[in-house]
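Peer 1: Sharing a structure here in structure tokens format.
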Amino acid sequence: MSKQATERALAPNEAKAVINRLKISSQKLNLVAGLIRGMSVANALTQLTFNSKRISDDVKKALQSAIANAENNHNLNVDSLYVKEAYVGKNIVMKRMHTRGRGKSARVFKPFANLTIVLREKEEAKPAKAAKTPAAKKAPAKAKKESV
């Protein structure tokens with residue numbers, strides 16, 4: 001008797017990637033993650049490539065990992081992907097001591113953060129109902145005028 005498989009937490013048109021213990025505060029990481037929220041994958045990669053923040057390289061790696069997961073594991077179309085969610089969480093905080101003047105010391109906090117990126121495939125626009133053409137609308141009006 002084996003254990004039942006857990007259901008997939010994401011929708012069938014979604015893929016995600018998670019990076020744990022990035023050596024940066026969650027507040028600084030959230031600034032970079034906020035840049036790519038809602039963007040298409042191509043625009044997000046371009047934004048991260050030319051961003052001057054140090055952590056943008058790690059965020060770019062996470063985005064590329066999510067793209068690879070979407071393509072290889074879930075058979076999603078890479079061209080129609082966009083960043084649905086990019087959220088940040090706190091992780092451990094290393095506490096260290098730094099010596100100060102006159103025999104005193106100060107605490108130094110070295111925070112870590114987690115990053116989760118969720119990609120979603122854009123749904124194709126459904127074609128609207130076949131609207132009557134302007135010529136078809138005018139034709140009955142002409143018929144009425146001729147009969148009068």
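Lettering and numbering for the structure tokens are positional, with chains as A, B, ... in the shown order, residues counted from 1 in each chain, and ligands counted from 1 in the shown order.
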Mind the document's chain letters and residue numbers, and return as a VMD selection string the residues of range 41-97 of chain A that DSSP labels helix (DSSP H, G or I).

Peer 2: chain A and resid 41 to 49 56 to 72 78 to 80

Peer 1: Grab the CA of Glu71 in chain A to CA of Asn13 in chain A distance for me, in Å with one decimal place.

Peer 2: 10.8 Å

Peer 1: List the spatial neighbours of Ala106 in chain A as number ranges by chain - criterion: any atom at most 10 Å away, only C-alpha atoms, same-chain residues fewer than 4 positions off excluded.

Peer 2: A: 96-101

Peer 1: Write out as a ChimeraX atom specification which residues come within 7 Å of Phe112 in chain A when counting only C-alpha atoms, dropping same-chain ones fewer than 6 positions away.

Peer 2: /A:21-25,90-93

Peer 1: Do you know which residues are at most 9 Å from Tyr82 in chain A counting only C-alpha atoms, after dropping those on the same chain fewer than 4 positions away, and could you put them as a compact mmCIF listing (two decimals) with N, CA and C atoms, in the first residue's frame?

Peer 2:
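Output saved as out-v3.txt:
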# COMPACT_ATOMS: atom_id res chain seq x y z
N ARG A 37 7.02 41.69 -11.79
CA ARG A 37 5.66 41.19 -11.59
C ARG A 37 4.75 41.65 -12.72
N GLY A 38 4.04 40.70 -13.32
CA GLY A 38 3.09 41.02 -14.38
C GLY A 38 3.70 41.17 -15.76
N MET A 39 5.01 41.12 -15.88
CA MET A 39 5.67 41.29 -17.17
C MET A 39 5.68 39.99 -17.96
N SER A 40 5.81 40.12 -19.27
CA SER A 40 6.06 38.92 -20.07
C SER A 40 7.46 38.43 -19.76
N VAL A 41 7.72 37.18 -20.06
CA VAL A 41 9.00 36.56 -19.70
C VAL A 41 10.16 37.25 -20.43
N ALA A 42 9.97 37.58 -21.70
CA ALA A 42 11.04 38.22 -22.47
C ALA A 42 11.38 39.59 -21.90
N ALA A 44 10.85 40.60 -18.82
CA ALA A 44 11.42 40.43 -17.48
C ALA A 44 12.90 40.06 -17.57
N VAL A 78 6.60 28.84 -24.30
CA VAL A 78 7.46 29.83 -23.65
C VAL A 78 7.12 31.24 -24.11
N VAL A 118 6.24 32.45 -9.98
CA VAL A 118 5.19 31.63 -10.60
C VAL A 118 4.90 32.22 -11.97
N LEU A 119 5.01 31.39 -13.00
CA LEU A 119 4.71 31.80 -14.37
C LEU A 119 3.38 31.22 -14.79
N ARG A 120 2.67 31.95 -15.64
CA ARG A 120 1.39 31.47 -16.16
C ARG A 120 1.37 31.70 -17.66
N GLU A 121 0.71 30.78 -18.35
CA GLU A 121 0.57 30.89 -19.80
C GLU A 121 -0.65 31.75 -20.11
N LYS A 122 -0.47 32.73 -21.00
CA LYS A 122 -1.60 33.58 -21.40
C LYS A 122 -2.59 32.76 -22.19
